[in-house]
>>> print(open('coords_23.cif').read())   # mmCIF, C-alpha atoms
data_coords
#
loop_
_atom_site.label_atom_id
_atom_site.label_comp_id
_atom_site.auth_asym_id
_atom_site.auth_seq_id
_atom_site.Cartn_x
_atom_site.Cartn_y
_atom_site.Cartn_z
CA MET P 10 20.57 141.43 81.31
CA ARG P 11 23.62 143.31 82.52
CA ILE P 12 23.31 146.91 83.69
CA ALA P 13 25.78 149.59 84.66
CA VAL P 14 24.73 151.74 87.61
CA ILE P 15 26.38 155.13 88.07
CA GLY P 16 26.47 156.09 91.74
CA SER P 17 25.75 152.54 92.83
CA SER P 18 26.42 153.25 96.52
CA GLY P 19 24.41 156.47 96.71
CA LYS P 20 20.94 156.98 98.15
CA LEU P 21 19.09 156.09 94.97
CA GLY P 22 21.82 154.06 93.29
CA SER P 23 22.09 151.62 96.18
CA VAL P 24 18.34 150.97 96.03
CA VAL P 25 18.45 150.43 92.26
CA THR P 26 21.43 148.11 92.66
CA LYS P 27 19.84 145.96 95.37
CA GLN P 28 16.55 145.66 93.51
CA ALA P 29 18.37 144.70 90.31
CA LEU P 30 20.50 142.07 92.03
CA ASP P 31 17.45 140.62 93.77
CA ARG P 32 15.88 140.22 90.33
CA GLY P 33 18.90 138.25 89.13
CA ILE P 34 20.23 141.10 86.98
CA GLU P 35 23.99 141.46 86.72
CA VAL P 36 25.19 144.83 87.99
CA LYS P 37 28.41 146.67 87.21
CA GLY P 38 28.51 149.42 89.79
CA PHE P 39 30.43 152.67 89.40
CA GLN P 40 31.18 154.76 92.45
CA ARG P 41 33.89 157.20 93.36
CA SER P 42 34.78 155.70 96.72
CA ALA P 43 33.77 153.18 99.38
CA ASP P 44 33.23 149.47 99.11
CA THR P 45 30.01 148.02 97.86
CA PRO P 46 27.77 146.57 100.58
CA ASP P 47 26.86 143.70 98.24
CA GLU P 48 29.51 141.32 96.96
CA ARG P 49 27.32 140.46 93.98
CA VAL P 50 28.24 143.80 92.38
CA GLU P 51 31.17 144.11 90.01
CA LEU P 52 32.61 147.28 91.50
CA VAL P 53 34.49 149.93 89.51
CA ARG P 54 35.82 152.91 91.46
CA LYS P 55 35.16 155.71 89.01
CA SER P 56 32.99 158.79 89.07
CA LEU P 57 30.61 159.45 86.18
CA PHE P 58 33.07 161.78 84.47
CA ASP P 59 35.83 159.15 84.49
CA VAL P 60 33.73 156.37 82.97
CA THR P 61 34.63 155.46 79.38
CA ARG P 62 32.63 153.84 76.60
CA GLU P 63 34.86 150.80 76.99
CA ASP P 64 33.98 150.53 80.69
CA ILE P 65 30.33 149.91 79.87
CA SER P 66 30.67 148.18 76.50
CA ASP P 67 29.51 144.92 78.11
CA CYS P 68 26.30 146.43 79.53
CA ASP P 69 22.83 146.42 77.96
CA VAL P 70 21.53 149.33 80.04
CA LEU P 71 23.11 152.33 81.75
CA ILE P 72 21.19 153.60 84.77
CA SER P 73 22.53 156.82 86.20
CA ALA P 74 21.63 157.84 89.73
CA PHE P 75 24.13 160.70 89.56
CA GLY P 76 23.46 163.63 91.83
CA SER P 77 25.72 166.63 92.30
CA GLY P 78 24.79 167.33 95.90
CA PHE P 79 24.11 170.84 97.14
CA ARG P 80 27.69 172.12 97.45
CA ALA P 81 28.98 171.42 93.94
CA ASP P 82 28.78 173.84 91.04
CA PRO P 83 25.20 173.40 89.73
CA ALA P 84 26.57 173.35 86.16
CA ILE P 85 27.89 169.84 86.79
CA ASN P 86 24.32 168.62 86.38
CA HIS P 87 24.25 169.96 82.83
CA GLN P 88 27.68 168.45 82.18
CA ALA P 89 26.42 165.07 83.39
CA PHE P 90 23.97 164.90 80.49
CA LEU P 91 26.72 165.81 78.02
CA LYS P 92 28.67 162.89 79.46
CA TYR P 93 25.67 160.59 78.95
CA ILE P 94 25.63 161.62 75.30
CA GLU P 95 29.35 160.94 74.94
CA LEU P 96 28.97 157.48 76.48
CA ASN P 97 25.92 156.34 74.52
CA GLU P 98 25.91 158.08 71.15
CA GLY P 99 25.39 155.67 68.29
CA LEU P 100 24.82 152.64 70.52
CA ASP P 101 21.78 150.44 71.13
CA ARG P 102 22.20 150.58 74.92
CA HIS P 103 19.27 152.06 76.84
CA LEU P 104 20.28 155.08 78.92
CA ILE P 105 17.99 155.64 81.92
CA ALA P 106 18.99 158.76 83.83
CA ILE P 107 17.56 160.36 86.94
CA GLY P 108 16.18 163.83 86.31
CA GLY P 109 14.63 166.31 88.68
CA ALA P 110 11.13 167.38 89.66
CA GLY P 111 12.21 170.98 89.09
CA SER P 112 12.61 170.34 85.37
CA LEU P 113 8.94 169.39 85.01
CA TYR P 114 6.05 171.80 84.51
CA THR P 115 3.98 172.63 87.57
CA ASP P 116 0.73 171.44 85.98
CA GLU P 117 -0.97 170.36 82.78
CA THR P 118 -1.11 173.93 81.39
CA HIS P 119 2.67 173.78 80.84
CA THR P 120 3.00 177.50 81.51
CA LEU P 121 5.57 177.37 84.31
CA LEU P 122 8.48 175.06 84.99
CA SER P 123 8.68 173.91 88.59
CA TYR P 124 12.12 175.43 89.17
CA GLU P 125 10.74 178.81 88.09
CA ALA P 126 7.87 178.72 90.60
CA PRO P 127 8.19 180.97 93.69
CA GLU P 128 7.74 178.00 96.04
CA HIS P 129 10.65 176.05 94.53
CA PRO P 130 13.47 175.86 97.11
CA GLU P 131 16.04 178.51 96.28
CA PHE P 132 18.99 176.21 96.96
CA LEU P 133 17.67 173.81 94.31
CA ARG P 134 16.82 176.37 91.63
CA GLU P 135 20.13 176.39 89.75
CA ILE P 136 20.50 172.62 90.10
CA SER P 137 17.06 172.15 88.56
CA ARG P 138 17.75 174.66 85.80
CA ASN P 139 20.95 172.85 84.82
CA ILE P 140 19.22 169.47 84.81
CA LYS P 141 16.64 170.96 82.42
CA LEU P 142 19.44 172.29 80.19
CA GLY P 143 20.96 168.80 80.15
CA ILE P 144 17.65 167.18 79.25
CA ASP P 145 17.27 169.66 76.40
CA GLU P 146 20.68 168.57 75.06
CA LEU P 147 19.59 164.93 75.21
CA LYS P 148 16.40 165.75 73.31
CA LYS P 149 18.48 167.10 70.42
CA THR P 150 20.15 163.74 69.84
CA THR P 151 18.92 161.33 67.18
CA ASN P 152 21.02 158.22 67.79
CA ILE P 153 20.63 157.55 71.52
CA LYS P 154 18.01 155.37 73.17
CA TRP P 155 17.26 157.33 76.34
CA THR P 156 14.73 157.84 79.11
CA VAL P 157 14.88 160.48 81.84
CA VAL P 158 13.02 159.54 85.02
CA CYS P 159 12.04 162.45 87.27
CA PRO P 160 10.86 162.06 90.85
CA SER P 161 7.79 163.79 92.19
CA ALA P 162 8.17 167.05 94.12
CA PHE P 163 8.78 165.16 97.39
CA PHE P 164 11.36 162.43 96.94
CA ASP P 165 10.76 160.32 100.06
CA GLU P 166 13.98 158.66 101.18
CA SER P 167 12.33 156.93 104.14
CA GLY P 168 9.36 155.55 102.20
CA SER P 169 8.98 151.87 101.37
CA LEU P 170 8.44 149.92 98.17
CA THR P 171 4.69 150.02 97.55
CA GLY P 172 4.62 148.99 93.90
CA ASN P 173 1.59 151.26 93.73
CA TYR P 174 2.83 154.02 91.49
CA VAL P 175 2.07 155.61 88.14
CA ILE P 176 4.45 156.75 85.43
CA GLY P 177 3.50 160.04 83.85
CA THR P 178 4.58 161.01 80.34
CA GLU P 179 3.09 164.48 79.92
CA GLY P 180 6.00 166.47 81.33
CA HIS P 181 4.33 167.89 84.42
CA LEU P 182 4.13 167.01 88.10
CA LEU P 183 1.53 164.47 89.17
CA TYR P 184 -0.47 164.50 92.40
CA ASN P 185 -2.14 161.67 94.29
CA SER P 186 -5.68 161.67 95.68
CA ALA P 187 -4.45 163.46 98.80
CA GLY P 188 -3.05 166.26 96.67
CA LYS P 189 0.56 165.24 97.30
CA SER P 190 3.31 164.98 94.69
CA ARG P 191 5.40 162.26 96.32
CA VAL P 192 7.41 159.20 95.34
CA THR P 193 9.48 156.86 97.48
CA TYR P 194 13.04 155.94 96.55
CA PRO P 195 12.16 152.22 96.21
CA ASP P 196 9.17 152.95 93.98
CA LEU P 197 11.23 155.16 91.70
CA ALA P 198 14.01 152.56 91.56
CA ASP P 199 11.43 149.90 90.71
CA ALA P 200 10.10 152.08 87.89
CA MET P 201 13.61 152.57 86.47
CA LEU P 202 14.18 148.82 86.42
CA LYS P 203 10.75 148.18 84.91
CA ILE P 204 11.65 150.58 82.10
CA ALA P 205 14.99 148.80 81.65
CA LEU P 206 13.48 145.32 81.55
CA GLU P 207 10.62 146.24 79.25
CA ASP P 208 12.72 148.62 77.12
CA THR P 209 9.98 151.23 77.16
CA TYR P 210 9.53 155.03 77.27
CA GLN P 211 12.32 155.63 74.79
CA LYS P 212 13.18 159.28 74.07
CA GLN P 213 10.80 160.41 76.80
CA VAL P 214 10.96 162.34 80.05
CA VAL P 215 8.72 160.62 82.58
CA THR P 216 7.84 161.17 86.20
CA VAL P 217 6.89 158.66 88.91
CA LEU P 218 4.20 159.19 91.54
CA THR P 219 3.56 156.91 94.51
CA VAL P 220 -0.20 156.62 94.70
#
>>> encode(input="coords_23.cif", output="structure tokens")
Amino acid sequence: MRIAVIGSSGKLGSVVTKQALDRGIEVKGFQRSADTPDERVELVRKSLFDVTREDISDCDVLISAFGSGFRADPAINHQAFLKYIELNEGLDRHLIAIGGAGSLYTDETHTLLSYEAPEHPEFLREISRNIKLGIDELKKTTNIKWTVVCPSAFFDESGSLTGNYVIGTEGHLLYNSAGKSRVTYPDLADAMLKIALEDTYQKQVVTVLTV
């Protein structure tokens, strides 16, 4: 298998890339700047919005770890999903894109989206809303094989790979036995690669919870 990773040197993308390489998967990494810390990566210095269909024509899977950051126009998160559609429409390649916890419902009643809840961080609200708009655009497509993987409410950058996680498909946040909605970066990366390797959860928005 050969995968393209958007944002291959970022916080999540670098974890996805290392895990993929350690599994013997070929990685074509796209990043705007900086050298790759792993010489096994075929590096392409392009941001998401500069990538072309030709750039990834030799890849079986496109994993996007794109994140706008907190200072960019939040609308770029919506535009990212339009770019995914442009890159993958009409192809058999599996698109696996990072989503956001804010675009999930707060609980199983599905009455309130997380980004609409009073406790949702204000600085994330517009980012989350635009991710949800992007996901809605992806849901309208009929000729793309896609999966959106959303983290839990607390995306733990310092956490380790436990392998003890669940993948939820119901569209709402999940909580562990301690009442925490948390996932580590390595566990979420592992879940993305598991989905890629098994070619599962097509046309679904899922979330990952470290148990």
>>> resolve_selection(input="coords_23.cif", expression="the PyMOL selection byres ((chain P and resi 98) around 9)", output="number ranges by chain")
P: 93-97, 99-101, 150-154
>>> atom_distance(input="coords_23.cif", atom1="CA of Lys27 in chain P", atom2="CA of Lys212 in chain P")
26.0 Å
>>> resolve_selection(input="coords_23.cif", expression="the PyMOL selection byres ((chain P and resi 92) around 12)", output="list of chain:residue names")
P:Ile15, P:Ser56, P:Leu57, P:Phe58, P:Asp59, P:Val60, P:Thr61, P:Arg62, P:Ser73, P:Phe75, P:Ile85, P:Asn86, P:His87, P:Gln88, P:Ala89, P:Phe90, P:Leu91, P:Tyr93, P:Ile94, P:Glu95, P:Leu96, P:Asn97, P:Glu98, P:Leu104, P:Ala106, P:Gly143, P:Ile144, P:Glu146, P:Leu147
>>> residues_around(input="coords_23.cif", residues="range 180-196 of chain P", least_positions_apart="3", cutoff="7 Å", atoms="only C-alpha atoms", output="PyMOL selection string")
chain P and resi 21+24+113-117+160-166+168-172+174+199-200+214-215+217-220
>>> resolve_selection(input="coords_23.cif", expression="the PyMOL selection byres ((chain P and resi 136) around 10)", output="list in words")
Gly76, Ser77, Gly78, Phe79, Ala81, Asp82, Pro83, Ala84, Ile85, Asn86, His87, Gly109, Gly111, Ser112, Tyr124, Glu131, Phe132, Leu133, Arg134, Glu135, Ser137, Arg138, Asn139, Ile140, Lys141 and Leu142 of chain P
>>> residues_around(input="coords_23.cif", residues="Val50 in chain P", least_positions_apart="6", cutoff="9 Å", atoms="all atoms listed in the file", output="list in words")
Thr26, Leu30, Glu35, Val36, Lys37 and Gly38 of chain P
>>> atom_distance(input="coords_23.cif", atom1="CA of Leu197 in chain P", atom2="CA of Thr156 in chain P")
13.3 Å
>>> closest_residue(input="coords_23.cif", among="P:Asp67, P:Asp145, P:Glu207, P:Asp47", to="Ser23 in chain P", atoms="all atoms listed in the file")
P:Asp47
>>> atom_distance(input="coords_23.cif", atom1="CA of Lys148 in chain P", atom2="CA of Thr118 in chain P")
20.9 Å
>>> axis_aligned_box(input="coords_23.cif", around="range 174-193 of chain P", padding_each_side="4 Å", output="AutoDock Vina command-line options")
--center_x 1.9 --center_y 161.0 --center_z 89.4 --size_x 23.2 --size_y 21.9 --size_z 26.9
>>> residues_around(input="coords_23.cif", residues="Ile34 in chain P", least_positions_apart="3", cutoff="8 Å", atoms="all atoms listed in the file", output="VMD selection string")
chain P and resid 10 to 12 29 to 31
>>> write_last_selection(input="coords_23.cif", atoms="C-alpha atoms", output="mmCIF file, in the coordinates of the input")
data_model
loop_
_atom_site.group_PDB
_atom_site.id
_atom_site.type_symbol
_atom_site.label_atom_id
_atom_site.label_comp_id
_atom_site.auth_asym_id
_atom_site.auth_seq_id
_atom_site.Cartn_x
_atom_site.Cartn_y
_atom_site.Cartn_z
ATOM 1 C CA MET P 10 20.570 141.430 81.310
ATOM 2 C CA ARG P 11 23.620 143.310 82.520
ATOM 3 C CA ILE P 12 23.310 146.910 83.690
ATOM 4 C CA ALA P 29 18.370 144.700 90.310
ATOM 5 C CA LEU P 30 20.500 142.070 92.030
ATOM 6 C CA ASP P 31 17.450 140.620 93.770
#
>>> residues_around(input="coords_23.cif", residues="Ile107 in chain P", least_positions_apart="6", cutoff="6 Å", atoms="only C-alpha atoms", output="list in words")
Ala74, Val157, Val158 and Cys159 of chain P
>>> decode(input="coords_23.cif", residues="range 37-51 of chain P", atoms="all heavy atoms", output="tab-separated table (two decimals), in the first residue's frame")
chain	number	residue	atom	x	y	z
P	37	LYS	N	4.03	9.03	0.90
P	37	LYS	CA	4.33	10.24	0.15
P	37	LYS	C	3.82	11.39	1.01
P	37	LYS	O	2.61	11.56	1.18
P	37	LYS	CB	3.65	10.22	-1.22
P	37	LYS	CG	4.11	11.30	-2.18
P	37	LYS	CD	3.51	11.05	-3.56
P	37	LYS	CE	4.12	11.95	-4.61
P	37	LYS	NZ	3.57	11.65	-5.96
P	38	GLY	N	4.75	12.14	1.59
P	38	GLY	CA	4.38	13.16	2.55
P	38	GLY	C	4.33	14.54	1.93
P	38	GLY	O	5.24	14.96	1.22
P	39	PHE	N	3.25	15.26	2.22
P	39	PHE	CA	3.08	16.63	1.73
P	39	PHE	C	3.13	17.58	2.92
P	39	PHE	O	2.38	17.43	3.89
P	39	PHE	CB	1.74	16.78	1.00
P	39	PHE	CG	1.68	16.00	-0.28
P	39	PHE	CD1	1.34	14.65	-0.28
P	39	PHE	CD2	1.98	16.62	-1.49
P	39	PHE	CE1	1.29	13.94	-1.47
P	39	PHE	CE2	1.93	15.90	-2.68
P	39	PHE	CZ	1.59	14.56	-2.67
P	40	GLN	N	4.01	18.54	2.83
P	40	GLN	CA	4.12	19.55	3.87
P	40	GLN	C	4.64	20.84	3.25
P	40	GLN	O	5.37	20.83	2.26
P	40	GLN	CB	5.05	19.09	5.00
P	40	GLN	CG	6.44	18.69	4.54
P	40	GLN	CD	7.18	17.85	5.55
P	40	GLN	OE1	6.70	16.80	5.97
P	40	GLN	NE2	8.35	18.31	5.96
P	41	ARG	N	4.22	21.94	3.85
P	41	ARG	CA	4.52	23.24	3.26
P	41	ARG	C	5.98	23.62	3.38
P	41	ARG	O	6.55	24.27	2.53
P	41	ARG	CB	3.63	24.29	3.93
P	41	ARG	CG	3.61	25.64	3.25
P	41	ARG	CD	2.50	26.49	3.80
P	41	ARG	NE	2.43	26.43	5.25
P	41	ARG	CZ	1.46	26.98	5.97
P	41	ARG	NH1	0.47	27.58	5.36
P	41	ARG	NH2	1.47	26.92	7.29
P	42	SER	N	6.61	23.23	4.48
P	42	SER	CA	8.00	23.60	4.71
P	42	SER	C	8.67	22.57	5.60
P	42	SER	O	8.01	21.64	6.07
P	42	SER	CB	8.09	24.98	5.37
P	42	SER	OG	7.40	24.98	6.61
P	43	ALA	N	9.95	22.73	5.80
P	43	ALA	CA	10.75	21.88	6.69
P	43	ALA	C	11.08	20.53	6.04
P	43	ALA	O	10.36	20.05	5.16
P	43	ALA	CB	10.08	21.65	8.04
P	44	ASP	N	12.17	19.97	6.48
P	44	ASP	CA	12.56	18.66	6.01
P	44	ASP	C	11.86	17.58	6.81
P	44	ASP	O	11.45	17.80	7.96
P	44	ASP	CB	14.08	18.47	6.15
P	44	ASP	CG	14.85	19.36	5.19
P	44	ASP	OD1	14.33	19.62	4.09
P	44	ASP	OD2	15.94	19.81	5.56
P	45	THR	N	11.71	16.43	6.22
P	45	THR	CA	11.11	15.32	6.94
P	45	THR	C	12.14	14.71	7.89
P	45	THR	O	13.31	14.58	7.54
P	45	THR	CB	10.58	14.24	5.98
P	45	THR	OG1	10.09	13.14	6.75
P	45	THR	CG2	11.68	13.74	5.06
P	46	PRO	N	11.74	14.35	9.10
P	46	PRO	CA	12.68	13.73	10.03
P	46	PRO	C	12.98	12.27	9.68
P	46	PRO	O	13.83	11.65	10.31
P	46	PRO	CB	11.94	13.82	11.36
P	46	PRO	CG	10.50	13.84	11.00
P	46	PRO	CD	10.42	14.58	9.69
P	47	ASP	N	12.30	11.73	8.67
P	47	ASP	CA	12.46	10.33	8.32
P	47	ASP	C	12.75	10.22	6.83
P	47	ASP	O	11.92	10.59	5.99
P	47	ASP	CB	11.20	9.54	8.67
P	47	ASP	CG	11.44	8.04	8.71
P	47	ASP	OD1	12.10	7.53	7.79
P	47	ASP	OD2	10.97	7.40	9.66
P	48	GLU	N	13.92	9.73	6.50
P	48	GLU	CA	14.34	9.65	5.10
P	48	GLU	C	13.55	8.63	4.29
P	48	GLU	O	13.66	8.57	3.06
P	48	GLU	CB	15.83	9.33	5.01
P	48	GLU	CG	16.23	8.01	5.62
P	48	GLU	CD	17.73	7.77	5.58
P	48	GLU	OE1	18.48	8.73	5.38
P	48	GLU	OE2	18.13	6.61	5.76
P	49	ARG	N	12.73	7.83	4.97
P	49	ARG	CA	11.91	6.86	4.25
P	49	ARG	C	10.72	7.51	3.53
P	49	ARG	O	10.07	6.88	2.70
P	49	ARG	CB	11.38	5.80	5.22
P	49	ARG	CG	12.46	4.92	5.84
P	49	ARG	CD	11.87	3.98	6.89
P	49	ARG	NE	11.39	4.71	8.06
P	49	ARG	CZ	10.73	4.14	9.07
P	49	ARG	NH1	10.49	2.82	9.03
P	49	ARG	NH2	10.34	4.85	10.12
P	50	VAL	N	10.44	8.76	3.87
P	50	VAL	CA	9.31	9.48	3.27
P	50	VAL	C	9.70	10.07	1.92
P	50	VAL	O	10.77	10.66	1.79
P	50	VAL	CB	8.83	10.60	4.20
P	50	VAL	CG1	7.70	11.40	3.55
P	50	VAL	CG2	8.37	10.05	5.54
P	51	GLU	N	8.83	9.93	0.95
P	51	GLU	CA	8.98	10.69	-0.30
P	51	GLU	C	8.35	12.06	-0.05
P	51	GLU	O	7.12	12.19	0.03
P	51	GLU	CB	8.29	9.99	-1.46
P	51	GLU	CG	8.44	10.75	-2.77
P	51	GLU	CD	7.67	10.14	-3.92
P	51	GLU	OE1	7.30	8.95	-3.82
P	51	GLU	OE2	7.42	10.86	-4.90
